[in-house]
>>> print(open('target.cif').read())   # mmCIF, N, CA and C atoms
data_coords
loop_
_atom_site.group_PDB
_atom_site.id
_atom_site.type_symbol
_atom_site.label_atom_id
_atom_site.label_comp_id
_atom_site.auth_asym_id
_atom_site.auth_seq_id
_atom_site.Cartn_x
_atom_site.Cartn_y
_atom_site.Cartn_z
ATOM 1 N N MET A 1 65.924 55.648 75.159
ATOM 2 C CA MET A 1 65.693 56.097 76.512
ATOM 3 C C MET A 1 64.256 55.813 76.901
ATOM 4 N N GLY A 2 64.071 55.235 78.031
ATOM 5 C CA GLY A 2 62.736 54.873 78.475
ATOM 6 C C GLY A 2 62.064 55.929 79.325
ATOM 7 N N ILE A 3 62.818 56.858 79.873
ATOM 8 C CA ILE A 3 62.249 57.860 80.774
ATOM 9 C C ILE A 3 62.393 59.242 80.143
ATOM 10 N N ALA A 4 61.264 59.944 80.058
ATOM 11 C CA ALA A 4 61.293 61.303 79.518
ATOM 12 C C ALA A 4 61.698 62.258 80.630
ATOM 13 N N GLU A 5 62.481 63.238 80.274
ATOM 14 C CA GLU A 5 62.932 64.218 81.243
ATOM 15 C C GLU A 5 62.066 65.455 81.138
ATOM 16 N N ALA A 6 61.423 65.853 82.221
ATOM 17 C CA ALA A 6 60.578 67.041 82.230
ATOM 18 C C ALA A 6 61.352 68.204 82.830
ATOM 19 N N VAL A 7 61.144 69.375 82.259
ATOM 20 C CA VAL A 7 61.762 70.586 82.778
ATOM 21 C C VAL A 7 60.621 71.454 83.298
ATOM 22 N N VAL A 8 60.436 71.436 84.604
ATOM 23 C CA VAL A 8 59.303 72.122 85.207
ATOM 24 C C VAL A 8 59.789 72.999 86.358
ATOM 25 N N LEU A 9 59.308 74.222 86.387
ATOM 26 C CA LEU A 9 59.560 75.124 87.500
ATOM 27 C C LEU A 9 58.366 75.038 88.429
ATOM 28 N N THR A 10 58.625 74.815 89.688
ATOM 29 C CA THR A 10 57.572 74.734 90.694
ATOM 30 C C THR A 10 57.789 75.847 91.706
ATOM 31 N N ALA A 11 56.721 76.549 92.051
ATOM 32 C CA ALA A 11 56.816 77.619 93.041
ATOM 33 C C ALA A 11 55.542 77.639 93.870
ATOM 34 N N THR A 12 55.673 78.131 95.082
ATOM 35 C CA THR A 12 54.502 78.282 95.943
ATOM 36 C C THR A 12 54.413 79.721 96.422
ATOM 37 N N THR A 13 53.193 80.116 96.740
ATOM 38 C CA THR A 13 52.976 81.446 97.305
ATOM 39 C C THR A 13 52.881 81.327 98.815
ATOM 40 N N ASP A 14 52.841 82.445 99.501
ATOM 41 C CA ASP A 14 52.664 82.432 100.956
ATOM 42 C C ASP A 14 51.323 81.826 101.346
ATOM 43 N N ASP A 15 50.372 81.859 100.420
ATOM 44 C CA ASP A 15 49.048 81.288 100.666
ATOM 45 C C ASP A 15 49.020 79.779 100.460
ATOM 46 N N GLY A 16 50.117 79.200 100.020
ATOM 47 C CA GLY A 16 50.175 77.763 99.784
ATOM 48 C C GLY A 16 49.733 77.346 98.396
ATOM 49 N N VAL A 17 49.538 78.296 97.493
ATOM 50 C CA VAL A 17 49.153 77.984 96.117
ATOM 51 C C VAL A 17 50.407 77.539 95.369
ATOM 52 N N VAL A 18 50.293 76.396 94.689
ATOM 53 C CA VAL A 18 51.424 75.847 93.946
ATOM 54 C C VAL A 18 51.245 76.170 92.471
ATOM 55 N N GLY A 19 52.308 76.646 91.830
ATOM 56 C CA GLY A 19 52.304 76.890 90.395
ATOM 57 C C GLY A 19 53.342 76.018 89.725
ATOM 58 N N LEU A 20 52.978 75.468 88.588
ATOM 59 C CA LEU A 20 53.886 74.641 87.801
ATOM 60 C C LEU A 20 54.013 75.251 86.418
ATOM 61 N N TRP A 21 55.232 75.432 85.935
ATOM 62 C CA TRP A 21 55.473 75.977 84.609
ATOM 63 C C TRP A 21 56.394 75.050 83.849
ATOM 64 N N ASN A 22 55.958 74.630 82.679
ATOM 65 C CA ASN A 22 56.768 73.786 81.814
ATOM 66 C C ASN A 22 57.803 74.673 81.132
ATOM 67 N N LEU A 23 59.083 74.381 81.315
ATOM 68 C CA LEU A 23 60.154 75.188 80.734
ATOM 69 C C LEU A 23 60.763 74.551 79.498
ATOM 70 N N ASP A 24 60.118 73.536 78.974
ATOM 71 C CA ASP A 24 60.591 72.856 77.771
ATOM 72 C C ASP A 24 60.307 73.754 76.564
ATOM 73 N N VAL A 25 61.344 74.273 75.933
ATOM 74 C CA VAL A 25 61.200 75.211 74.815
ATOM 75 C C VAL A 25 60.453 74.573 73.647
ATOM 76 N N ASP A 26 60.783 73.331 73.310
ATOM 77 C CA ASP A 26 60.098 72.672 72.190
ATOM 78 C C ASP A 26 58.612 72.513 72.470
ATOM 79 N N ALA A 27 58.258 72.194 73.701
ATOM 80 C CA ALA A 27 56.842 72.071 74.068
ATOM 81 C C ALA A 27 56.154 73.432 73.960
ATOM 82 N N ALA A 28 56.850 74.494 74.350
ATOM 83 C CA ALA A 28 56.279 75.838 74.245
ATOM 84 C C ALA A 28 56.029 76.207 72.782
ATOM 85 N N ILE A 29 56.980 75.892 71.919
ATOM 86 C CA ILE A 29 56.818 76.184 70.489
ATOM 87 C C ILE A 29 55.631 75.421 69.922
ATOM 88 N N ARG A 30 55.509 74.141 70.266
ATOM 89 C CA ARG A 30 54.365 73.348 69.799
ATOM 90 C C ARG A 30 53.048 73.954 70.281
ATOM 91 N N GLY A 31 53.014 74.396 71.537
ATOM 92 C CA GLY A 31 51.800 75.008 72.081
ATOM 93 C C GLY A 31 51.444 76.312 71.382
ATOM 94 N N ILE A 32 52.443 77.133 71.112
ATOM 95 C CA ILE A 32 52.211 78.401 70.404
ATOM 96 C C ILE A 32 51.700 78.130 69.001
ATOM 97 N N ARG A 33 52.308 77.181 68.316
ATOM 98 C CA ARG A 33 51.858 76.846 66.957
ATOM 99 C C ARG A 33 50.427 76.342 66.964
ATOM 100 N N ALA A 34 50.121 75.461 67.901
ATOM 101 C CA ALA A 34 48.774 74.885 67.966
ATOM 102 C C ALA A 34 47.725 75.949 68.283
ATOM 103 N N SER A 35 48.060 76.874 69.175
ATOM 104 C CA SER A 35 47.063 77.867 69.581
ATOM 105 C C SER A 35 46.956 79.046 68.612
ATOM 106 N N SER A 36 47.961 79.250 67.762
ATOM 107 C CA SER A 36 47.891 80.394 66.853
ATOM 108 C C SER A 36 47.469 80.023 65.439
ATOM 109 N N ALA A 37 47.437 78.748 65.117
ATOM 110 C CA ALA A 37 46.988 78.335 63.785
ATOM 111 C C ALA A 37 45.544 78.786 63.593
ATOM 112 N N GLY A 38 45.295 79.492 62.517
ATOM 113 C CA GLY A 38 43.942 79.972 62.245
ATOM 114 C C GLY A 38 43.562 81.197 63.057
ATOM 115 N N ALA A 39 44.545 81.845 63.677
ATOM 116 C CA ALA A 39 44.260 82.986 64.547
ATOM 117 C C ALA A 39 43.685 84.170 63.787
ATOM 118 N N LEU A 40 44.088 84.350 62.549
ATOM 119 C CA LEU A 40 43.580 85.461 61.746
ATOM 120 C C LEU A 40 42.985 84.942 60.444
ATOM 121 N N SER A 41 41.731 85.243 60.250
ATOM 122 C CA SER A 41 41.094 84.881 58.977
ATOM 123 C C SER A 41 41.584 85.842 57.898
ATOM 124 N N ARG A 42 41.282 85.519 56.653
ATOM 125 C CA ARG A 42 41.640 86.430 55.556
ATOM 126 C C ARG A 42 41.007 87.807 55.757
ATOM 127 N N GLN A 43 39.766 87.828 56.220
ATOM 128 C CA GLN A 43 39.074 89.089 56.440
ATOM 129 C C GLN A 43 39.750 89.916 57.537
ATOM 130 N N GLN A 44 40.131 89.264 58.629
ATOM 131 C CA GLN A 44 40.822 89.973 59.714
ATOM 132 C C GLN A 44 42.180 90.484 59.244
ATOM 133 N N TRP A 45 42.891 89.649 58.503
ATOM 134 C CA TRP A 45 44.201 90.054 57.988
ATOM 135 C C TRP A 45 44.048 91.312 57.128
ATOM 136 N N GLN A 46 43.077 91.291 56.224
ATOM 137 C CA GLN A 46 42.839 92.435 55.325
ATOM 138 C C GLN A 46 42.499 93.691 56.116
ATOM 139 N N ARG A 47 41.787 93.513 57.212
ATOM 140 C CA ARG A 47 41.403 94.661 58.039
ATOM 141 C C ARG A 47 42.593 95.232 58.809
ATOM 142 N N TYR A 48 43.410 94.367 59.401
ATOM 143 C CA TYR A 48 44.464 94.833 60.303
ATOM 144 C C TYR A 48 45.831 95.035 59.646
ATOM 145 N N VAL A 49 46.139 94.266 58.623
ATOM 146 C CA VAL A 49 47.436 94.412 57.950
ATOM 147 C C VAL A 49 47.270 94.333 56.430
ATOM 148 N N PRO A 50 46.481 95.233 55.860
ATOM 149 C CA PRO A 50 46.191 95.164 54.430
ATOM 150 C C PRO A 50 47.419 95.411 53.549
ATOM 151 N N GLN A 51 48.441 96.020 54.094
ATOM 152 C CA GLN A 51 49.639 96.311 53.309
ATOM 153 C C GLN A 51 50.508 95.069 53.072
ATOM 154 N N LEU A 52 50.205 93.979 53.758
ATOM 155 C CA LEU A 52 50.983 92.743 53.600
ATOM 156 C C LEU A 52 50.134 91.652 52.975
ATOM 157 N N PRO A 53 50.751 90.766 52.181
ATOM 158 C CA PRO A 53 49.999 89.629 51.636
ATOM 159 C C PRO A 53 49.597 88.671 52.755
ATOM 160 N N TYR A 54 48.470 88.012 52.577
ATOM 161 C CA TYR A 54 47.964 87.074 53.586
ATOM 162 C C TYR A 54 48.966 85.972 53.840
ATOM 163 N N ASN A 55 49.386 85.834 55.072
ATOM 164 C CA ASN A 55 50.356 84.828 55.481
ATOM 165 C C ASN A 55 50.081 84.475 56.936
ATOM 166 N N PRO A 56 49.050 83.663 57.186
ATOM 167 C CA PRO A 56 48.637 83.388 58.562
ATOM 168 C C PRO A 56 49.699 82.582 59.326
ATOM 169 N N PRO A 57 49.730 82.735 60.646
ATOM 170 C CA PRO A 57 50.733 82.014 61.438
ATOM 171 C C PRO A 57 50.516 80.504 61.396
ATOM 172 N N TYR A 58 51.577 79.776 61.190
ATOM 173 C CA TYR A 58 51.604 78.320 61.285
ATOM 174 C C TYR A 58 50.498 77.622 60.504
ATOM 175 N N GLY A 59 50.306 78.029 59.275
ATOM 176 C CA GLY A 59 49.424 77.296 58.380
ATOM 177 C C GLY A 59 47.948 77.483 58.623
ATOM 178 N N GLY A 60 47.561 78.455 59.397
ATOM 179 C CA GLY A 60 46.135 78.677 59.627
ATOM 180 C C GLY A 60 45.471 79.270 58.409
ATOM 181 N N GLY A 61 44.172 79.316 58.472
ATOM 182 C CA GLY A 61 43.443 80.027 57.444
ATOM 183 C C GLY A 61 42.863 79.159 56.400
#
>>> encode(input="target.cif", output="C-alpha cells")
Amino acid sequence: MGIAEAVVLTATTDDGVVGLWNLDVDAAIRGIRASSAGALSRQQWQRYVPQLPYNPPYGGG
C-alpha cells in the first residue's frame, strides 16, 4: 500500500480554534512507551513503591 491511512478527529470551538487528535491506537501506545521510558529512577521507585521490585515502565532505568 502506498498511502497511509490516518485516523484523526478534528474539532473546532466557537472561537475558531481547531483541535486535531490522532486516534491511532498503535501510535498512542508508541507515544506512551516513548514518554514513559525512564520515568522512574531506582531511587524514585524505592521511595514510592518500596514493596515492589524495581520494574520501570517500558525498559527505562
>>> select_by_dssp(input="target.cif", residues="chain A", states="strand (DSSP E or B)", output="count of residues only")
10
>>> atom_distance(input="target.cif", atom1="atom N of Val25 in chain A", atom2="atom C of Thr13 in chain A")
25.4 Å
>>> axis_aligned_box(input="target.cif", around="range 32-40 of chain A", padding_each_side="6 Å", output="AutoDock Vina command-line options")
--center_x 47.7 --center_y 80.2 --center_z 65.8 --size_x 21.5 --size_y 22.6 --size_z 22.7
>>> atom_distance(input="target.cif", atom1="atom C of Ala27 in chain A", atom2="CA of Val49 in chain A")
27.8 Å
>>> atom_distance(input="target.cif", atom1="CA of Ala28 in chain A", atom2="CA of Trp45 in chain A")
24.7 Å
>>> resolve_selection(input="target.cif", expression="the PyMOL selection byres ((chain A and resi 37) around 8)", output="ChimeraX atom specification")
/A:31-36,38-40,56-61
>>> residues_around(input="target.cif", residues="Thr10 in chain A", least_positions_apart="3", cutoff="7 Å", atoms="all atoms listed in the file", output="ChimeraX atom specification")
/A:18-21
>>> select_by_dssp(input="target.cif", residues="chain A", states="alpha helix (DSSP H)", output="MDAnalysis selection string")
chainID A and resid 25:36 42:48
>>> residues_around(input="target.cif", residues="range 52-54 of chain A", least_positions_apart="5", cutoff="8 Å", atoms="all atoms listed in the file", output="list in words")
Ser41, Arg42, Trp45 and Gln46 of chain A
>>> build_atoms(input="target.cif", residues="range 35-46 of chain A", atoms="all heavy atoms", output="compact mmCIF listing (two decimals), keeping the file's coordinate frame")
# COMPACT_ATOMS: atom_id res chain seq x y z
N SER A 35 48.06 76.87 69.18
CA SER A 35 47.06 77.87 69.58
C SER A 35 46.96 79.05 68.61
O SER A 35 45.96 79.76 68.62
CB SER A 35 47.37 78.38 70.98
OG SER A 35 48.59 79.09 71.01
N SER A 36 47.96 79.25 67.76
CA SER A 36 47.89 80.39 66.85
C SER A 36 47.47 80.02 65.44
O SER A 36 47.15 80.91 64.65
CB SER A 36 49.24 81.13 66.80
OG SER A 36 50.24 80.31 66.25
N ALA A 37 47.44 78.75 65.12
CA ALA A 37 46.99 78.33 63.78
C ALA A 37 45.54 78.79 63.59
O ALA A 37 44.68 78.55 64.43
CB ALA A 37 47.11 76.83 63.62
N GLY A 38 45.30 79.49 62.52
CA GLY A 38 43.94 79.97 62.24
C GLY A 38 43.56 81.20 63.06
O GLY A 38 42.40 81.57 63.12
N ALA A 39 44.54 81.84 63.68
CA ALA A 39 44.26 82.99 64.55
C ALA A 39 43.68 84.17 63.79
O ALA A 39 42.88 84.92 64.34
CB ALA A 39 45.53 83.41 65.29
N LEU A 40 44.09 84.35 62.55
CA LEU A 40 43.58 85.46 61.75
C LEU A 40 42.98 84.94 60.44
O LEU A 40 43.66 84.28 59.66
CB LEU A 40 44.70 86.44 61.40
CG LEU A 40 45.25 87.30 62.53
CD1 LEU A 40 46.46 88.10 62.04
CD2 LEU A 40 44.19 88.21 63.08
N SER A 41 41.73 85.24 60.25
CA SER A 41 41.09 84.88 58.98
C SER A 41 41.58 85.84 57.90
O SER A 41 42.21 86.87 58.19
CB SER A 41 39.57 84.99 59.11
OG SER A 41 39.21 86.35 59.27
N ARG A 42 41.28 85.52 56.65
CA ARG A 42 41.64 86.43 55.56
C ARG A 42 41.01 87.81 55.76
O ARG A 42 41.62 88.83 55.50
CB ARG A 42 41.20 85.86 54.21
CG ARG A 42 42.07 84.75 53.72
CD ARG A 42 41.66 84.35 52.30
NE ARG A 42 42.51 83.28 51.84
CZ ARG A 42 43.70 83.45 51.29
NH1 ARG A 42 44.17 84.66 51.11
NH2 ARG A 42 44.42 82.42 50.90
N GLN A 43 39.77 87.83 56.22
CA GLN A 43 39.07 89.09 56.44
C GLN A 43 39.75 89.92 57.54
O GLN A 43 39.92 91.13 57.40
CB GLN A 43 37.60 88.84 56.80
CG GLN A 43 36.79 88.25 55.68
CD GLN A 43 37.00 86.73 55.52
OE1 GLN A 43 37.52 86.06 56.40
NE2 GLN A 43 36.60 86.22 54.37
N GLN A 44 40.13 89.26 58.63
CA GLN A 44 40.82 89.97 59.71
C GLN A 44 42.18 90.48 59.24
O GLN A 44 42.57 91.61 59.56
CB GLN A 44 41.00 89.06 60.93
CG GLN A 44 39.70 88.74 61.64
CD GLN A 44 39.89 87.64 62.65
OE1 GLN A 44 40.57 86.65 62.41
NE2 GLN A 44 39.27 87.82 63.81
N TRP A 45 42.89 89.65 58.50
CA TRP A 45 44.20 90.05 57.99
C TRP A 45 44.05 91.31 57.13
O TRP A 45 44.79 92.27 57.27
CB TRP A 45 44.82 88.92 57.18
CG TRP A 45 46.24 89.17 56.80
CD1 TRP A 45 46.70 89.96 55.79
CD2 TRP A 45 47.40 88.64 57.43
NE1 TRP A 45 48.07 89.96 55.75
CE2 TRP A 45 48.52 89.14 56.76
CE3 TRP A 45 47.60 87.78 58.51
CZ2 TRP A 45 49.82 88.81 57.11
CZ3 TRP A 45 48.89 87.45 58.86
CH2 TRP A 45 49.99 87.96 58.17
N GLN A 46 43.08 91.29 56.22
CA GLN A 46 42.84 92.44 55.32
C GLN A 46 42.50 93.69 56.12
O GLN A 46 42.91 94.79 55.77
CB GLN A 46 41.71 92.11 54.34
CG GLN A 46 41.47 93.18 53.31
CD GLN A 46 42.69 93.44 52.42
OE1 GLN A 46 43.43 92.52 52.08
NE2 GLN A 46 42.90 94.69 52.06
